[in-house]
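Structure first, then comments.
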Amino acid sequence: MTLELHATPEEVMRAVEAFQEFVRVQQIPERTAFGLALALEECGSNVVKYALGGIAQQKFKVSFGCRHDEIFIELRDPGPEFDPTAWNGSSSGAESEEAIGGWGIQLVRRYMDEIRYERRGKENILRLSKQLKPEGGEFQKAQSKQS
Amino acid sequence: MSLEIQIRKNIGARDDGAVTVNLAGSLDTLTAPDLERQLAPVLSGPVKDMIFDLADLKFISSAGLRVFASTRKTLREHHGQASFVHMQPQIQEVFEIIRSLPGVAIFKDEAEMDRYLAARQQSHAE
């Protein structure tokens, strides 16, 4: 499924709600579904605030689906080049502005198995994925970057 | 999913300087600004302790955590504290991942919170 969205918080949550319905139909376990929806919310919010500057006329795309034993979320935006996987701020938990600003990406890293960033033409493409396995355990985080 | 916010002043034996905030639904990029707006007049008053009852909070993102962090900062300036009770497991996990609010009080139920607040009142009185 692909959604074309305006750069507003309302549209981010429209994507999250569509995704929550998708994972419900797919019978994804509740805890996994929560983390995936949270990752989509965080990445979508970053696109709206930073890549597209909160300009509602700007548009971005969110796609998601299941393939084999993997669920994926892809965000495409026409904003300036920005690789969130390269963010290396504090993870100390302190309430400094720097640490607070990094909470979103920390959550995404925690809940997803893989985060790939690619700059293709004038688009940022962020692909998040998580393995769906019956045991439902934690998986090794494998973050990689394609340039 | 929307966010329902109920703010009530605690009156009685528990803690007269405390306010309880019940949140139900989703605290996210869309709803966090509304919570911030509703808390602002309360935080500008004489409140010292704020208790967030999260029994019906189903979803939270970093936007919501930021509101809690700024609330905590304001309360600390007034020598107060933010506490959290009835946290759902998925919400508690988010707190644990971020370790965002070190030193905040998190209680599993109201009995545990009551004991804590009573002890806190007693220490203030001494």
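Every chain in the structure tokens takes a letter, A first, then B, and so on in the order presented; its residues are numbered from 1, and the ligands are numbered from 1 following the presented order.
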Using only C-alpha atoms, which protein or nucleic acid residues come within 9 Å of Leu132 in chain A? Drop anything in the same chain fewer than 6 positions from it, and give the result as an NGL selection string. :A and (28 or 32 or 68-71)
Write out the residues from the selection above, keeping N, CA and C atoms, as a compact mmCIF listing (two decimals), in the first residue's frame.
# COMPACT_ATOMS: atom_id res chain seq x y z
N ILE A 28 -0.35 -9.28 13.02
CA ILE A 28 0.98 -9.05 13.61
C ILE A 28 0.80 -8.94 15.12
N THR A 32 4.79 -6.12 18.61
CA THR A 32 5.52 -5.80 17.38
C THR A 32 4.82 -4.69 16.62
N HIS A 68 7.70 -12.10 2.26
CA HIS A 68 8.26 -13.30 2.92
C HIS A 68 8.02 -13.17 4.43
N ASP A 69 9.08 -13.20 5.21
CA ASP A 69 8.89 -13.10 6.66
C ASP A 69 9.29 -11.73 7.19
N GLU A 70 9.12 -10.72 6.35
CA GLU A 70 9.57 -9.37 6.71
C GLU A 70 8.41 -8.39 6.50
N ILE A 71 8.33 -7.43 7.42
CA ILE A 71 7.41 -6.32 7.21
C ILE A 71 8.26 -5.07 6.98
Mind listing as a PyMOL selection string which residues of chain B are within 12 Å of chain A, counting only C-alpha atoms? chain B and resi 1-2+26-33+58-73+88-103
Who sits within 9 Å of range 76-78 of chain B, only C-alpha atoms, same chain under 6 positions skipped, as a list in words: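 The neighbour list is Pro46, Val47 and Lys48 of chain B.
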Need the shell around range 123-130 of chain A: protein/DNA/RNA residues with any atom at most 7 Å away, counting only C-alpha atoms. Skip same-chain ones fewer than 4 positions apart. Format as JSON, numbers by chain? {"A": [70, 71, 72, 73, 74, 75, 76, 77, 78, 79, 81, 112, 113, 114, 115, 116, 117, 118, 119]}
Can you pull out the residues contacting Met1 in chain A? Cut-off 9 Å, using only C-alpha atoms, and skip same-chain residues under 6 positions away; I want them as a PyMOL selection string. chain A and resi 62-65
Could those residues be written to a file, using C-alpha atoms, as a short mmCIF file (atom, residue, chain, number, x, y, z; two decimals), in the first residue's frame?
data_model
loop_
_atom_site.label_atom_id
_atom_site.label_comp_id
_atom_site.auth_asym_id
_atom_site.auth_seq_id
_atom_site.Cartn_x
_atom_site.Cartn_y
_atom_site.Cartn_z
CA VAL A 62 4.68 6.19 2.72
CA SER A 63 4.56 2.58 1.56
CA PHE A 64 4.30 -0.55 3.65
CA GLY A 65 3.77 -4.24 3.21
#
